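model-v4.cif, holding mmCIF, N, CA and C atoms:
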data_start
#
loop_
_atom_site.label_atom_id
_atom_site.label_comp_id
_atom_site.auth_asym_id
_atom_site.auth_seq_id
_atom_site.Cartn_x
_atom_site.Cartn_y
_atom_site.Cartn_z
N MET A 61 139.98 124.14 -118.51
CA MET A 61 139.59 124.57 -117.17
C MET A 61 138.66 125.77 -117.30
N THR A 62 137.61 125.80 -116.51
CA THR A 62 136.67 126.91 -116.49
C THR A 62 136.54 127.40 -115.06
N LYS A 63 136.63 128.71 -114.87
CA LYS A 63 136.44 129.29 -113.54
C LYS A 63 135.21 130.18 -113.59
N THR A 64 134.58 130.36 -112.43
CA THR A 64 133.35 131.13 -112.43
C THR A 64 133.20 131.94 -111.14
N ALA A 65 132.48 133.02 -111.24
CA ALA A 65 132.03 133.79 -110.09
C ALA A 65 130.50 133.81 -110.20
N HIS A 66 129.83 133.83 -109.09
CA HIS A 66 128.39 133.61 -109.07
C HIS A 66 127.69 134.73 -108.31
N PHE A 67 126.60 135.26 -108.86
CA PHE A 67 125.77 136.26 -108.18
C PHE A 67 124.32 135.87 -108.37
N THR A 68 123.54 135.89 -107.29
CA THR A 68 122.09 135.69 -107.40
C THR A 68 121.40 136.83 -106.65
N SER A 69 120.46 137.46 -107.31
CA SER A 69 119.74 138.60 -106.73
C SER A 69 118.65 138.13 -105.78
N ALA A 70 118.16 139.06 -104.99
CA ALA A 70 116.92 138.84 -104.26
C ALA A 70 115.81 138.83 -105.30
N PRO A 71 114.62 138.30 -104.98
CA PRO A 71 113.54 138.30 -105.95
C PRO A 71 113.21 139.72 -106.44
N VAL A 72 113.06 139.85 -107.76
CA VAL A 72 112.74 141.13 -108.40
C VAL A 72 111.30 141.05 -108.90
N ASP A 73 110.46 142.02 -108.50
CA ASP A 73 109.07 142.04 -108.95
C ASP A 73 109.01 142.23 -110.46
N LEU A 74 108.03 141.54 -111.09
CA LEU A 74 107.89 141.60 -112.54
C LEU A 74 106.65 142.37 -112.96
N PRO A 75 106.73 143.08 -114.08
CA PRO A 75 105.60 143.84 -114.60
C PRO A 75 104.76 142.99 -115.55
N PHE A 76 103.77 142.28 -115.01
CA PHE A 76 102.96 141.45 -115.87
C PHE A 76 101.61 142.09 -116.15
N GLY A 77 100.98 141.59 -117.17
CA GLY A 77 99.69 142.09 -117.59
C GLY A 77 99.71 142.30 -119.09
N GLU A 78 98.56 142.34 -119.67
CA GLU A 78 98.45 142.52 -121.12
C GLU A 78 99.11 143.82 -121.54
N GLY A 79 100.09 143.73 -122.40
CA GLY A 79 100.77 144.93 -122.91
C GLY A 79 101.59 145.66 -121.87
N ALA A 80 102.05 144.96 -120.83
CA ALA A 80 102.80 145.62 -119.76
C ALA A 80 104.13 146.19 -120.25
N TYR A 81 104.74 145.56 -121.24
CA TYR A 81 106.01 146.05 -121.77
C TYR A 81 106.23 145.50 -123.18
N THR A 82 107.06 146.19 -123.92
CA THR A 82 107.41 145.74 -125.27
C THR A 82 108.88 145.33 -125.36
N ARG A 83 109.67 145.74 -124.39
CA ARG A 83 111.08 145.38 -124.34
C ARG A 83 111.52 145.37 -122.89
N ALA A 84 112.46 144.47 -122.60
CA ALA A 84 113.02 144.38 -121.25
C ALA A 84 114.54 144.30 -121.35
N ASP A 85 115.22 145.10 -120.55
CA ASP A 85 116.68 145.12 -120.49
C ASP A 85 117.15 144.83 -119.08
N LEU A 86 118.24 144.12 -118.98
CA LEU A 86 118.93 143.94 -117.71
C LEU A 86 120.19 144.78 -117.82
N VAL A 87 120.36 145.75 -116.91
CA VAL A 87 121.45 146.71 -117.01
C VAL A 87 122.37 146.57 -115.79
N PHE A 88 123.66 146.40 -116.06
CA PHE A 88 124.69 146.32 -115.03
C PHE A 88 125.42 147.66 -115.01
N TYR A 89 125.40 148.35 -113.86
CA TYR A 89 126.04 149.66 -113.73
C TYR A 89 127.38 149.52 -113.02
N GLU A 90 128.36 150.26 -113.51
CA GLU A 90 129.71 150.32 -112.94
C GLU A 90 130.31 148.92 -112.80
N LEU A 91 130.29 148.19 -113.89
CA LEU A 91 130.86 146.86 -113.96
C LEU A 91 132.38 146.96 -114.10
N ASP A 92 133.08 146.26 -113.22
CA ASP A 92 134.55 146.30 -113.23
C ASP A 92 135.08 145.45 -114.37
N HIS A 93 136.03 145.98 -115.12
CA HIS A 93 136.64 145.24 -116.23
C HIS A 93 138.16 145.29 -116.14
N SER A 94 138.68 145.46 -114.92
CA SER A 94 140.13 145.59 -114.75
C SER A 94 140.85 144.24 -114.74
N GLY A 95 140.13 143.15 -114.54
CA GLY A 95 140.75 141.82 -114.48
C GLY A 95 140.73 141.12 -115.82
N PRO A 96 140.62 139.80 -115.80
CA PRO A 96 140.62 139.04 -117.05
C PRO A 96 139.29 139.17 -117.80
N SER A 97 139.32 138.81 -119.08
CA SER A 97 138.10 138.79 -119.89
C SER A 97 137.20 137.66 -119.41
N PHE A 98 135.88 137.86 -119.55
CA PHE A 98 134.94 136.81 -119.15
C PHE A 98 133.62 136.96 -119.88
N GLU A 99 132.83 135.89 -119.83
CA GLU A 99 131.46 135.90 -120.34
C GLU A 99 130.53 135.94 -119.14
N GLY A 100 129.55 136.84 -119.14
CA GLY A 100 128.54 136.91 -118.09
C GLY A 100 127.28 136.20 -118.58
N ARG A 101 126.98 135.05 -118.01
CA ARG A 101 125.79 134.28 -118.40
C ARG A 101 124.67 134.57 -117.41
N ILE A 102 123.50 134.87 -117.94
CA ILE A 102 122.36 135.27 -117.12
C ILE A 102 121.29 134.18 -117.16
N PHE A 103 120.82 133.81 -115.96
CA PHE A 103 119.76 132.82 -115.83
C PHE A 103 118.66 133.39 -114.96
N PHE A 104 117.41 133.09 -115.32
CA PHE A 104 116.26 133.47 -114.51
C PHE A 104 115.79 132.25 -113.72
N ASP A 105 115.55 132.45 -112.43
CA ASP A 105 115.01 131.42 -111.54
C ASP A 105 115.81 130.11 -111.59
N ASN A 106 117.13 130.24 -111.62
CA ASN A 106 118.00 129.06 -111.58
C ASN A 106 119.26 129.40 -110.78
N PRO A 107 119.12 129.58 -109.45
CA PRO A 107 120.28 129.97 -108.64
C PRO A 107 121.37 128.91 -108.59
N GLY A 108 121.07 127.68 -108.98
CA GLY A 108 122.07 126.62 -108.99
C GLY A 108 122.83 126.51 -110.30
N ALA A 109 122.62 127.45 -111.21
CA ALA A 109 123.30 127.39 -112.50
C ALA A 109 124.81 127.43 -112.31
N ASP A 110 125.51 126.68 -113.16
CA ASP A 110 126.96 126.68 -113.16
C ASP A 110 127.44 126.65 -114.60
N PRO A 111 128.75 126.66 -114.85
CA PRO A 111 129.23 126.72 -116.23
C PRO A 111 128.76 125.58 -117.13
N SER A 112 128.35 124.44 -116.53
CA SER A 112 127.88 123.32 -117.35
C SER A 112 126.38 123.37 -117.62
N THR A 113 125.66 124.35 -117.05
CA THR A 113 124.22 124.46 -117.26
C THR A 113 123.95 124.79 -118.73
N PRO A 114 123.05 124.03 -119.39
CA PRO A 114 122.73 124.31 -120.79
C PRO A 114 122.19 125.73 -120.98
N LEU A 115 122.55 126.33 -122.09
CA LEU A 115 122.10 127.70 -122.41
C LEU A 115 120.80 127.63 -123.20
N ASP A 116 119.72 127.22 -122.51
CA ASP A 116 118.42 127.13 -123.16
C ASP A 116 117.32 127.60 -122.22
N ALA A 117 116.14 127.79 -122.78
CA ALA A 117 115.00 128.32 -122.02
C ALA A 117 114.60 127.40 -120.88
N GLU A 118 114.71 126.11 -121.07
CA GLU A 118 114.32 125.15 -120.04
C GLU A 118 115.12 125.33 -118.75
N HIS A 119 116.34 125.80 -118.86
CA HIS A 119 117.20 126.01 -117.71
C HIS A 119 117.27 127.48 -117.27
N GLY A 120 116.39 128.31 -117.84
CA GLY A 120 116.28 129.70 -117.42
C GLY A 120 117.28 130.65 -118.07
N TYR A 121 117.97 130.19 -119.10
CA TYR A 121 118.97 131.06 -119.75
C TYR A 121 118.27 132.28 -120.34
N ALA A 122 118.80 133.47 -120.03
CA ALA A 122 118.18 134.71 -120.48
C ALA A 122 119.07 135.50 -121.44
N GLY A 123 120.35 135.19 -121.50
CA GLY A 123 121.26 135.91 -122.38
C GLY A 123 122.64 136.01 -121.76
N SER A 124 123.52 136.72 -122.44
CA SER A 124 124.88 136.88 -121.92
C SER A 124 125.50 138.17 -122.42
N PHE A 125 126.59 138.54 -121.78
CA PHE A 125 127.39 139.67 -122.22
C PHE A 125 128.85 139.27 -122.08
N HIS A 126 129.71 139.99 -122.77
CA HIS A 126 131.14 139.69 -122.72
C HIS A 126 131.91 140.92 -122.27
N VAL A 127 132.92 140.68 -121.47
CA VAL A 127 133.78 141.75 -121.00
C VAL A 127 135.20 141.47 -121.49
N PHE A 128 135.75 142.43 -122.21
CA PHE A 128 137.14 142.35 -122.63
C PHE A 128 137.95 143.00 -121.53
N GLY A 129 138.51 142.17 -120.66
CA GLY A 129 139.20 142.67 -119.48
C GLY A 129 140.59 143.18 -119.79
N HIS A 130 141.13 143.91 -118.85
CA HIS A 130 142.46 144.50 -119.00
C HIS A 130 143.56 143.62 -118.42
N GLY A 131 143.19 142.57 -117.69
CA GLY A 131 144.18 141.61 -117.22
C GLY A 131 145.04 142.08 -116.07
N GLY A 132 144.62 143.11 -115.36
CA GLY A 132 145.40 143.60 -114.24
C GLY A 132 146.21 144.82 -114.62
N CYS A 133 146.94 145.35 -113.66
CA CYS A 133 147.72 146.57 -113.87
C CYS A 133 149.21 146.23 -113.93
N PHE A 134 149.88 146.81 -114.92
CA PHE A 134 151.31 146.55 -115.09
C PHE A 134 152.12 147.83 -115.01
N GLY A 135 151.50 148.93 -114.61
CA GLY A 135 152.19 150.21 -114.50
C GLY A 135 152.73 150.44 -113.10
N GLU A 136 153.25 151.64 -112.89
CA GLU A 136 153.76 152.03 -111.59
C GLU A 136 152.62 152.21 -110.61
N ASP A 137 152.96 152.36 -109.32
CA ASP A 137 151.94 152.58 -108.30
C ASP A 137 151.07 153.77 -108.69
N GLY A 138 149.76 153.59 -108.60
CA GLY A 138 148.82 154.65 -108.91
C GLY A 138 148.43 154.74 -110.37
N HIS A 139 149.14 154.04 -111.24
CA HIS A 139 148.87 154.09 -112.68
C HIS A 139 147.45 153.65 -113.01
N CYS A 140 146.96 152.64 -112.32
CA CYS A 140 145.64 152.08 -112.62
C CYS A 140 144.55 152.58 -111.68
N ASP A 141 144.85 153.55 -110.83
CA ASP A 141 143.83 154.11 -109.95
C ASP A 141 142.90 155.00 -110.77
N VAL A 142 141.61 154.69 -110.73
CA VAL A 142 140.62 155.50 -111.45
C VAL A 142 140.37 156.77 -110.65
N PRO A 143 140.50 157.94 -111.28
CA PRO A 143 140.26 159.20 -110.55
C PRO A 143 138.84 159.25 -110.00
N THR A 144 138.72 159.82 -108.81
CA THR A 144 137.40 160.00 -108.21
C THR A 144 137.07 161.49 -108.19
N GLY A 145 135.83 161.78 -107.97
CA GLY A 145 135.41 163.18 -107.92
C GLY A 145 135.02 163.69 -109.29
N PRO A 146 134.45 164.86 -109.32
CA PRO A 146 133.98 165.41 -110.60
C PRO A 146 135.15 165.81 -111.50
N ARG A 147 134.94 165.65 -112.80
CA ARG A 147 135.94 166.08 -113.78
C ARG A 147 135.72 167.54 -114.10
N ASP A 148 136.77 168.20 -114.45
CA ASP A 148 136.68 169.59 -114.89
C ASP A 148 135.87 169.61 -116.19
N PRO A 149 134.90 170.49 -116.32
CA PRO A 149 134.06 170.51 -117.53
C PRO A 149 134.85 170.80 -118.81
N PHE A 150 136.06 171.35 -118.67
CA PHE A 150 136.86 171.66 -119.85
C PHE A 150 137.93 170.60 -120.12
N ASP A 151 137.91 169.51 -119.36
CA ASP A 151 138.85 168.41 -119.57
C ASP A 151 138.32 167.56 -120.72
N LEU A 152 138.98 167.61 -121.88
CA LEU A 152 138.51 166.92 -123.08
C LEU A 152 139.13 165.53 -123.26
N ARG A 153 139.96 165.13 -122.31
CA ARG A 153 140.55 163.80 -122.42
C ARG A 153 139.47 162.73 -122.26
N PRO A 154 139.68 161.56 -122.87
CA PRO A 154 138.72 160.46 -122.65
C PRO A 154 138.79 160.00 -121.20
N PRO A 155 137.77 159.28 -120.74
CA PRO A 155 137.80 158.78 -119.36
C PRO A 155 138.97 157.81 -119.16
N HIS A 156 139.36 157.62 -117.92
CA HIS A 156 140.41 156.67 -117.58
C HIS A 156 140.04 155.30 -118.14
N GLN A 157 141.03 154.56 -118.63
CA GLN A 157 140.76 153.28 -119.29
C GLN A 157 140.15 152.23 -118.37
N LEU A 158 140.22 152.40 -117.07
CA LEU A 158 139.64 151.43 -116.15
C LEU A 158 138.36 151.93 -115.48
N THR A 159 137.80 153.02 -115.99
CA THR A 159 136.52 153.50 -115.48
C THR A 159 135.49 152.38 -115.65
N PRO A 160 134.76 152.02 -114.61
CA PRO A 160 133.77 150.94 -114.73
C PRO A 160 132.78 151.23 -115.86
N ILE A 161 132.28 150.16 -116.47
CA ILE A 161 131.42 150.26 -117.64
C ILE A 161 129.97 149.90 -117.31
N THR A 162 129.08 150.20 -118.23
CA THR A 162 127.68 149.79 -118.15
C THR A 162 127.43 148.77 -119.24
N LYS A 163 126.79 147.66 -118.90
CA LYS A 163 126.44 146.62 -119.86
C LYS A 163 124.93 146.44 -119.85
N THR A 164 124.34 146.36 -121.04
CA THR A 164 122.91 146.16 -121.18
C THR A 164 122.66 144.88 -121.97
N VAL A 165 121.78 144.03 -121.45
CA VAL A 165 121.42 142.79 -122.13
C VAL A 165 119.91 142.80 -122.34
N ILE A 166 119.48 142.60 -123.57
CA ILE A 166 118.04 142.54 -123.88
C ILE A 166 117.53 141.17 -123.45
N VAL A 167 116.53 141.15 -122.55
CA VAL A 167 116.01 139.90 -121.99
C VAL A 167 114.50 139.77 -122.22
N THR A 168 113.98 140.43 -123.24
CA THR A 168 112.54 140.46 -123.49
C THR A 168 111.94 139.06 -123.62
N ALA A 169 112.53 138.23 -124.47
CA ALA A 169 111.98 136.89 -124.71
C ALA A 169 112.03 136.03 -123.46
N ALA A 170 113.14 136.09 -122.74
CA ALA A 170 113.27 135.29 -121.52
C ALA A 170 112.28 135.74 -120.45
N LEU A 171 112.06 137.04 -120.34
CA LEU A 171 111.12 137.56 -119.35
C LEU A 171 109.69 137.15 -119.71
N ALA A 172 109.37 137.12 -121.00
CA ALA A 172 108.02 136.75 -121.44
C ALA A 172 107.69 135.30 -121.09
N ARG A 173 108.69 134.45 -120.94
CA ARG A 173 108.46 133.03 -120.60
C ARG A 173 108.10 132.83 -119.14
N LEU A 174 108.36 133.81 -118.29
CA LEU A 174 108.13 133.65 -116.85
C LEU A 174 106.66 133.79 -116.52
N THR A 175 106.24 133.04 -115.51
CA THR A 175 104.83 133.07 -115.12
C THR A 175 104.61 133.55 -113.69
N GLY A 176 105.68 133.68 -112.92
CA GLY A 176 105.54 134.11 -111.53
C GLY A 176 105.43 135.62 -111.41
N LYS A 177 105.38 136.10 -110.17
CA LYS A 177 105.29 137.54 -109.92
C LYS A 177 106.65 138.16 -109.63
N ALA A 178 107.67 137.31 -109.48
CA ALA A 178 109.02 137.78 -109.22
C ALA A 178 110.01 136.80 -109.83
N VAL A 179 111.25 137.26 -109.98
CA VAL A 179 112.29 136.42 -110.58
C VAL A 179 113.60 136.62 -109.82
N GLU A 180 114.32 135.52 -109.64
CA GLU A 180 115.69 135.59 -109.14
C GLU A 180 116.61 135.63 -110.35
N ILE A 181 117.54 136.55 -110.34
CA ILE A 181 118.46 136.70 -111.46
C ILE A 181 119.82 136.17 -111.02
N THR A 182 120.32 135.20 -111.75
CA THR A 182 121.64 134.62 -111.47
C THR A 182 122.57 134.98 -112.60
N VAL A 183 123.76 135.44 -112.24
CA VAL A 183 124.76 135.80 -113.24
C VAL A 183 126.04 135.04 -112.92
N LEU A 184 126.60 134.40 -113.93
CA LEU A 184 127.86 133.69 -113.80
C LEU A 184 128.90 134.40 -114.65
N ALA A 185 130.04 134.70 -114.08
CA ALA A 185 131.17 135.22 -114.85
C ALA A 185 132.07 134.03 -115.14
N VAL A 186 132.13 133.63 -116.40
CA VAL A 186 132.84 132.42 -116.78
C VAL A 186 134.11 132.78 -117.53
N ILE A 187 135.23 132.24 -117.03
CA ILE A 187 136.53 132.42 -117.70
C ILE A 187 136.90 131.09 -118.33
N ARG A 188 137.29 131.13 -119.57
CA ARG A 188 137.79 129.92 -120.23
C ARG A 188 139.31 129.96 -120.22
N GLY A 189 139.94 128.82 -119.96
CA GLY A 189 141.39 128.75 -119.98
C GLY A 189 141.96 128.53 -118.60
N ALA A 190 143.21 128.20 -118.56
CA ALA A 190 143.88 127.90 -117.30
C ALA A 190 144.87 128.99 -116.97
N ASP A 191 144.39 130.18 -116.71
CA ASP A 191 145.31 131.29 -116.43
C ASP A 191 145.66 131.41 -114.96
N GLY A 192 145.06 130.56 -114.10
CA GLY A 192 145.41 130.55 -112.70
C GLY A 192 144.81 131.66 -111.86
N ARG A 193 144.01 132.53 -112.42
CA ARG A 193 143.42 133.64 -111.66
C ARG A 193 142.20 133.15 -110.88
N GLU A 194 141.98 133.77 -109.76
CA GLU A 194 140.78 133.46 -108.99
C GLU A 194 139.60 134.19 -109.60
N ALA A 195 138.49 133.51 -109.72
CA ALA A 195 137.31 134.10 -110.33
C ALA A 195 136.37 134.75 -109.32
N ALA A 196 136.62 134.57 -108.03
CA ALA A 196 135.69 135.01 -107.00
C ALA A 196 135.39 136.50 -107.07
N SER A 197 136.35 137.32 -107.49
CA SER A 197 136.12 138.77 -107.51
C SER A 197 135.83 139.30 -108.91
N LEU A 198 135.59 138.44 -109.86
CA LEU A 198 135.37 138.88 -111.23
C LEU A 198 134.12 139.73 -111.41
N LEU A 199 133.05 139.32 -110.82
CA LEU A 199 131.75 139.93 -111.07
C LEU A 199 131.48 141.02 -110.05
N GLU A 200 132.02 142.19 -110.31
CA GLU A 200 131.82 143.33 -109.41
C GLU A 200 131.10 144.43 -110.16
N PHE A 201 129.96 144.86 -109.62
CA PHE A 201 129.19 145.95 -110.21
C PHE A 201 128.45 146.66 -109.10
N ARG A 202 128.08 147.93 -109.35
CA ARG A 202 127.41 148.74 -108.33
C ARG A 202 125.94 148.42 -108.22
N ASP A 203 125.28 148.22 -109.36
CA ASP A 203 123.83 148.06 -109.34
C ASP A 203 123.39 147.23 -110.54
N LEU A 204 122.27 146.54 -110.38
CA LEU A 204 121.65 145.74 -111.43
C LEU A 204 120.19 146.14 -111.49
N ARG A 205 119.71 146.50 -112.69
CA ARG A 205 118.31 146.92 -112.83
C ARG A 205 117.64 146.16 -113.95
N LEU A 206 116.39 145.81 -113.74
CA LEU A 206 115.55 145.26 -114.78
C LEU A 206 114.67 146.40 -115.26
N LEU A 207 114.89 146.82 -116.50
CA LEU A 207 114.12 147.93 -117.08
C LEU A 207 113.15 147.38 -118.11
N THR A 208 111.89 147.84 -118.05
CA THR A 208 110.92 147.47 -119.05
C THR A 208 110.39 148.74 -119.72
N TYR A 209 110.04 148.60 -120.97
CA TYR A 209 109.59 149.73 -121.77
C TYR A 209 108.21 149.43 -122.34
N ALA A 210 107.28 150.35 -122.15
CA ALA A 210 105.92 150.18 -122.65
C ALA A 210 105.83 150.72 -124.09
N ALA A 211 104.85 150.26 -124.79
CA ALA A 211 104.66 150.68 -126.18
C ALA A 211 104.24 152.13 -126.25
#
Would you encode the structure as structure tokens?
Amino acid sequence: MTKTAHFTSAPVDLPFGEGAYTRADLVFYELDHSGPSFEGRIFFDNPGADPSTPLDAEHGYAGSFHVFGHGGCFGEDGHCDVPTGPRDPFDLRPPHQLTPITKTVIVTAALARLTGKAVEITVLAVIRGADGREAASLLEFRDLRLLTYAA
């Protein structure tokens, strides 16, 4: 059994032109990893992609990332609440284990294959196995950016 959550962006303008960039990254900010583990599959200009879509250039596959999830909270009330607000500058403890993460995927080759002036970015969060969890809320993040770097 495979479950999925689906996100498709509005069209994102692309930086084209001779020597416009030497590297391109897709960055997910404040990605939630409190639930089950999953694979995030990224497709360009293929909003109909699903878990059976081939992972090749012809179908817009741009790359993937993996999240090792925490599988939910098993502590007392408040145990898994991520603290909000600024940390004390002298607090040397590591961040809370459920602090949202940043994921970066290098998409240079996939971006170079595009010929349009904009791209729709589709991300699938795919869970393998029959754990009975709903996948609809798996793919939660604050922001998604396409970053390009010039030589």
Neighbouring residues of A:Val142 were defined as those with any atom within 8 Å, considering only N, CA and C atoms; residues of the same chain fewer than 6 positions away were excluded. Please report them as a PDB file with N, CA and C atoms, keeping the file's coordinate frame.
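After the write, out.pdb holds the following:
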ATOM      1  N   HIS A 156     139.360 157.620-117.920  1.00  0.00           N
ATOM      2  CA  HIS A 156     140.410 156.670-117.580  1.00  0.00           C
ATOM      3  C   HIS A 156     140.040 155.300-118.140  1.00  0.00           C
ATOM      4  N   GLN A 157     141.030 154.560-118.630  1.00  0.00           N
ATOM      5  CA  GLN A 157     140.760 153.280-119.290  1.00  0.00           C
ATOM      6  C   GLN A 157     140.150 152.230-118.370  1.00  0.00           C
ATOM      7  N   LEU A 158     140.220 152.400-117.070  1.00  0.00           N
ATOM      8  CA  LEU A 158     139.640 151.430-116.150  1.00  0.00           C
ATOM      9  C   LEU A 158     138.360 151.930-115.480  1.00  0.00           C
ATOM     10  N   THR A 159     137.800 153.020-115.990  1.00  0.00           N
ATOM     11  CA  THR A 159     136.520 153.500-115.480  1.00  0.00           C
ATOM     12  C   THR A 159     135.490 152.380-115.650  1.00  0.00           C
ATOM     13  N   PRO A 160     134.760 152.020-114.610  1.00  0.00           N
ATOM     14  CA  PRO A 160     133.770 150.940-114.730  1.00  0.00           C
ATOM     15  C   PRO A 160     132.780 151.230-115.860  1.00  0.00           C
TER      16      PRO A 160
END
Separating atom CA of A:Gly138 from atom CA of A:Leu199, to the nearest tenth of an Å, is a gap of 22.6 Å
Quick one: residues within 6.5 Å of stretch 112-124 of chain A, all atoms listed in the file counted, chain neighbours fewer than 4 positions away excluded, as a list in words? Glu99, Gly100, Arg101, Ile102, Phe103, Phe104, Asp105, Asn106, Val165, Ile166, Val167 and Ala170 of chain A
A:Ala210 proximity check over A:Leu74, A:Ile181, A:Ala80, A:Ala65, using only C-alpha atoms: winner is A:Ala80
The distance between atom CA of A:Leu204 and atom CA of A:His66 is 14.1 Å
In Å and to one decimal, atom C of A:Ser97 is distant from atom N of A:Leu198 by 9.7 Å
Applying 8 Å and only N, CA and C atoms, which residues near A:Cys133 remain after dropping the ones on its own chain fewer than 4 positions away? List them as a compact mmCIF listing (two decimals) with N, CA and C atoms, in the frame of the given file.
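Output file around.txt is given in full below:
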# COMPACT_ATOMS: atom_id res chain seq x y z
N SER A 94 138.68 145.46 -114.92
CA SER A 94 140.13 145.59 -114.75
C SER A 94 140.85 144.24 -114.74
N GLY A 95 140.13 143.15 -114.54
CA GLY A 95 140.75 141.82 -114.48
C GLY A 95 140.73 141.12 -115.82
N HIS A 139 149.14 154.04 -111.24
CA HIS A 139 148.87 154.09 -112.68
C HIS A 139 147.45 153.65 -113.01
N CYS A 140 146.96 152.64 -112.32
CA CYS A 140 145.64 152.08 -112.62
C CYS A 140 144.55 152.58 -111.68
>> Can you spell out as a ChimeraX atom specification the set of residues that the PyMOL selection byres (((chain A and resi 176 and name CA) around 12) and name CA) selects in the structure I just provided?
In response: /A:71-77,104-105,171-175,177-180
Exercise for review: Name the residues that the PyMOL selection byres (((chain A and resi 84 and name CA) around 9) and name CA) pulls out of this structure, and write them as JSON, numbers by chain.
Suggested key: {"A": [81, 82, 83, 85, 86, 165, 166, 167, 168, 169, 171, 206, 207, 208, 209]}
Those selected residues, please, written with N, CA and C atoms and delivered as a compact mmCIF listing (two decimals), in the frame of the given file.
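Saved result, result-v8.txt, follows:
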# COMPACT_ATOMS: atom_id res chain seq x y z
N TYR A 81 104.74 145.56 -121.24
CA TYR A 81 106.01 146.05 -121.77
C TYR A 81 106.23 145.50 -123.18
N THR A 82 107.06 146.19 -123.92
CA THR A 82 107.41 145.74 -125.27
C THR A 82 108.88 145.33 -125.36
N ARG A 83 109.67 145.74 -124.39
CA ARG A 83 111.08 145.38 -124.34
C ARG A 83 111.52 145.37 -122.89
N ASP A 85 115.22 145.10 -120.55
CA ASP A 85 116.68 145.12 -120.49
C ASP A 85 117.15 144.83 -119.08
N LEU A 86 118.24 144.12 -118.98
CA LEU A 86 118.93 143.94 -117.71
C LEU A 86 120.19 144.78 -117.82
N VAL A 165 121.78 144.03 -121.45
CA VAL A 165 121.42 142.79 -122.13
C VAL A 165 119.91 142.80 -122.34
N ILE A 166 119.48 142.60 -123.57
CA ILE A 166 118.04 142.54 -123.88
C ILE A 166 117.53 141.17 -123.45
N VAL A 167 116.53 141.15 -122.55
CA VAL A 167 116.01 139.90 -121.99
C VAL A 167 114.50 139.77 -122.22
N THR A 168 113.98 140.43 -123.24
CA THR A 168 112.54 140.46 -123.49
C THR A 168 111.94 139.06 -123.62
N ALA A 169 112.53 138.23 -124.47
CA ALA A 169 111.98 136.89 -124.71
C ALA A 169 112.03 136.03 -123.46
N LEU A 171 112.06 137.04 -120.34
CA LEU A 171 111.12 137.56 -119.35
C LEU A 171 109.69 137.15 -119.71
N LEU A 206 116.39 145.81 -113.74
CA LEU A 206 115.55 145.26 -114.78
C LEU A 206 114.67 146.40 -115.26
N LEU A 207 114.89 146.82 -116.50
CA LEU A 207 114.12 147.93 -117.08
C LEU A 207 113.15 147.38 -118.11
N THR A 208 111.89 147.84 -118.05
CA THR A 208 110.92 147.47 -119.05
C THR A 208 110.39 148.74 -119.72
N TYR A 209 110.04 148.60 -120.97
CA TYR A 209 109.59 149.73 -121.77
C TYR A 209 108.21 149.43 -122.34
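In terms of minimum interatomic distance to A:Phe125, A:Lys163 ranks closest within A:Lys163, A:Asp137, A:Pro149, A:Pro96, counting all atoms listed in the file.
In terms of minimum interatomic distance to A:Arg205, A:Val87 ranks closest within A:Val183, A:Val127, A:Ala70, A:Val87, counting only N, CA and C atoms.
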* To do: Give the strand (DSSP E) residues of stretch 84-147 of chain A, as DSSP finds them on the backbone, and put them as a ChimeraX atom specification.
  => /A:84-91,98-104,121-127
Counting all atoms listed in the file, the residue among A:Ala211, A:Thr144, A:Glu136, A:Pro107 that lies closest to A:Phe67 is A:Pro107
Padding 4 Å on each side, edges along x, y and z: where is the centre of the box around the listed atoms of stretch 105-120 of chain A, and how long are its edges in Å to one decimal? Output it as lines of an AutoDock Vina configuration file.
center_x = 121.8
center_y = 127.9
center_z = -115.9
size_x = 22.9
size_y = 17.1
size_z = 22.6
